[in-house]
Every structure is written in C-alpha cells, then in structure tokens.
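Notes follow the structure.
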Amino acid sequence: MSEKNQQLIAEYLQGTLDEAGKREVEELIAKGDIDFIDFRAMEQLHDELDMIQVPEPSKEMSSRFYTMLEAEKEQVKSSLGEIIRAKLNEFFSYLTMPRLAYAFVLLIVGGFIGNQLGSNDAEIQELTSEMQNMREMMMVSMLEGPSTTDRLRAVNISAQLPMADQKAVRALLFTLNNDESVNVRVQTIEALTRWGDNPLVREGFVKSIANQDNDIVIVTLADAMVELGVKNSANEFQRLINEKDLAGATKKKVENTIAVLL
Amino acid sequence: MMKVKDGDLDKLGLLFERYNRPLYSFFYRKTYESQLSEDLVQSVFERMLKYRTTYSGTGSFTTWMFSIARNAHIDHYRKEKRRREDEILDEEQIPGEVPAGYAEMDERNQKKVLLEKAIEQLDDDKREVVILSRFEGLKYHEIADIQGVTESAIKVRMFRAMKELKQIVTTLSEEYSHE
C-alpha cells in the first residue's frame, strides 16, 4: 500500500479526516486499493485499545510534587531560608508519615478481610439481600464503636456492598463529619467516592467541606471532588479558604482544585 | 507556564493538577511500573521548574511537556539499562510463555492481555505514537514535534504500528491457545 494511503488510514483512525478524505477512503476501498477486511480489522483493533486500563497513581505522587514545589520556592526566597524550610519539612513529614502508616494498616486489614471472605467465595455468591442487610447492620454498628481499627474495618466492609444504600451512605457521611480519626475520615472519603454517582454522596461531600479542619482530609476531599467533577464544591472550598487558616500547601492545593473545578 | 517562567511558581501546581494523570498514564503505558511512572512524573515537573526560563510559549504546552517526558524516560532508560537487562534475565517473563491464568480468563480479558503484550512488543517510537495518539489524544503534528520528524512520517508510523499490532495479536493468540 502506498504511503499516501497509509497516511489516509492513520488520519481516519484519529478521526481527523474531512468529508473529502472519507470519500477518498471509500473510493479506494471500492477500487480494491485498500483491503476492506484489513481496514475494518485495524479500525476494530484501534477501538479495542480502550480495554487497556491504567491504575490510579498514589496520593504520594501529589505530596511529593508539592514538597518539591515548596522546596523550590524556598530556594527562590533565600531571605526566609532555613526557618521556612524546616517548617515545611515538619509539615510534610506530618502529611506523609500518617499516610504511610494508614496504608500499612489498610494493607493488613484488607488482607484480613480478604482471607475471611475469600475462602467462602461460593457461599458469598449465594448470599441474598439478607446478607447485604446484615453487612450494613454490622457496618453501622462498627462505625459507632470506640475502636479506630473497627471503624476502619467497617468502612472497608462498605466496599463489599454491591450498591449504594441510603442507610449505608448516611452512616458513612456521619462518620466523615464526626469521626475523630483522620485515617477513618480519609478512608471514608475513598469508600464514598466509589458511589460518586449517587446525588446523596455528592451533596454530602459538598456539605462536609465546611466541617473539615485537618489538612489530609481536606486534600483528600479536594482530590475526590476533582475526580468526581463536583463543580458546586468550588464555592465551599472558597469559603473554607476565607474562613479557616489553612496551612500554606493545603491552601494552594485547594486553590488549584477550585481552578480545576471552575 | 508563562506565569511560572515569570516567577509565579504556584501556577505549576495548577499544571500539575491538570496534567499529572495524563503524564502518569503516558509513563505507565510505556513501563507498566506504577512507582517508576510516579517517579518519572516527578522528574518531568522538576525539569519544568529547572528549565522554565527556556519555555518560549511559541508551541503548545502539551507538546513541550511530552517532549520533556520523552527525554525523562530516555534518560532513565539509559541510566538503568544495565539493571534492566539484569532484570529481564532474572525476572521478566520468557518470550512466548503464556501469561498466568490466561486459559481461565474470559474472552474480553484474554483480549486485554493480548493487546498489552502486543503493545509491549512494538518498538519505542511506534509504541509512543500509539500511546500519544490513541490514549493521550495528541494530534499527529504534535507527535511529529515531539519525535522530531515530519507529520507524514508520524502518520505512516501510526499505520505501521497498528498493522504490526494486529499481526502480533494474531500470532500471540495462536501461540497462547496452542499451549
């Protein structure tokens, strides 16, 4: 096949061919200069490439970037030098270490739950809606418990629920707004994000912004709002900036989130 | 980026929010390694800061960014070449070996595995054209700027990459189903 025809097909695949170009391809197919079966197979393969998915990057990537950005700004502002650098390092170690610890806890809890449930796959498949109700009851009960580990476990159980039940969503939103543990609140945001199409979840997230005063929770909420495209959260974030004295990097993160949402 | 160049470094945060995922996706599709992809995204933004004064603003920002990304990947590959060769010998799958659990997968997942394996077998330039065009939505003239060749050459490269992919998928499918 001539290079000219190869270029035409490449343009066709990208969807940039104008009407005249499309007609030209059709004529070439009609004349047999382009093999129709090969052409269709290539077009189908081009579409099928959608199957290849990329996992989400970790939240550490964002933390690392903002750490680097702050460090660069520090170098630029040499007059403030070491004092500000020390404060930022302190802040970011505060931001990073609990997350690492939290990830470790999740790994163990996730493995534990996986072991408990994984061995009974056949049974799980047979469970009816009664089992879902039991799970919800257990989750709500554990969310109200005094143990942080139990509450984290409860939030993880929510991931086993096949659909967003109003009762479960309300319980998780209550936890998001009231739990004393940052780790539980962060994990709750991630659990609720799975049901991000549910209006109750989206509305609950927006209302929750004003209740948060922890940097990690605020940053996680900001990421969730961008991921779910909850544009009406921008006003709440703006109010948060106006009314609360946020740490420098958190404030910048929220400002950037607002800019992306608008 | 012009504002970053002029000293408003906070604006780089905005660029990070907009482009960190496309960049991560670009690197992941090249390397299939999450941590390495995150490291390379970080490297791209470090380079943007380092070379911000060289940004002219004449071409598109996306093209400039992916050019930096391409160089970051090449530099990494050169530095790690020796180590990677060792890893290939020690850890990576032997060519022709059927991926674990392939026979038990449904048709859709088998197709997904075949596509992933086929893309891996393309040479770097062809794989990059497919990634940038198909997944990152860049136009052929932008990819031409990044790879330093003509737009016509990129179109031909894309056609040949797709043709090769089709052939590799067919070959792998036959190999895997016979084993």
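By order of appearance in the structure tokens: chains A, B, ..., then residues from 1 within every chain, and ligands from 1 in the order shown.
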> Leaving out Tyr19 (chain B) and any residue of its chain fewer than 5 positions from it, which residues lie within 12 Å of it when counting only C-alpha atoms, given as number ranges by chain?
Replying inline: A: 62, 260; B: 12-14, 24-26, 41-42, 44-45, 61-62, 65-66, 69, 136
>> Only residues of chain B matter here; which ones have an atom within 6 Å of chain A, counting only C-alpha atoms? Give them as a ChimeraX atom specification.
In response: /B:14,112,155-156,159
File of the preceding selection, N, CA, C and O atoms, as a CSV table (one decimal), in the first residue's frame:
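The result, written out as again.csv:
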chain,number,residue,atom,x,y,z
B,14,LEU,N,-1.1,24.3,39.4
B,14,LEU,CA,-2.3,24.2,38.5
B,14,LEU,C,-2.0,23.2,37.4
B,14,LEU,O,-2.8,22.4,37.0
B,112,LYS,N,-7.6,-8.3,26.3
B,112,LYS,CA,-6.9,-7.2,27.0
B,112,LYS,C,-5.4,-7.6,27.2
B,112,LYS,O,-4.5,-6.8,26.9
B,155,LYS,N,2.3,9.7,10.6
B,155,LYS,CA,1.0,9.0,10.1
B,155,LYS,C,1.4,7.6,9.6
B,155,LYS,O,0.7,6.7,9.9
B,156,VAL,N,2.5,7.6,8.9
B,156,VAL,CA,2.9,6.3,8.3
B,156,VAL,C,3.3,5.4,9.5
B,156,VAL,O,3.0,4.2,9.5
B,159,PHE,N,0.2,4.0,11.1
B,159,PHE,CA,-0.4,3.0,10.3
B,159,PHE,C,0.4,1.7,10.5
B,159,PHE,O,-0.2,0.6,10.7
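Here CA of Ile189 (chain A) stands at a distance of 12.6 Å from CA of Arg170 (chain A).
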> In region 102-148 of chain B, what's helix (DSSP H, G or I) per DSSP? Answer as JSON, numbers by chain?
Replying inline: {"B": [102, 103, 104, 107, 108, 109, 110, 111, 112, 113, 114, 115, 116, 117, 118, 119, 120, 121, 124, 125, 126, 127, 128, 129, 130, 131, 132, 133, 134, 135, 140, 141, 142, 143, 144, 145, 146, 147]}
> Quick one: of B:Lys126, B:Thr31, B:Ile68, B:Ser177, who's nearest to Glu107 (chain B), counting only C-alpha atoms?
Replying inline: B:Ser177
> Hey, which of B:Glu128, B:Lys50, B:Lys139, B:His76 ends up closest to Ser37 (chain B)? Count only C-alpha atoms.
Replying inline: B:His76
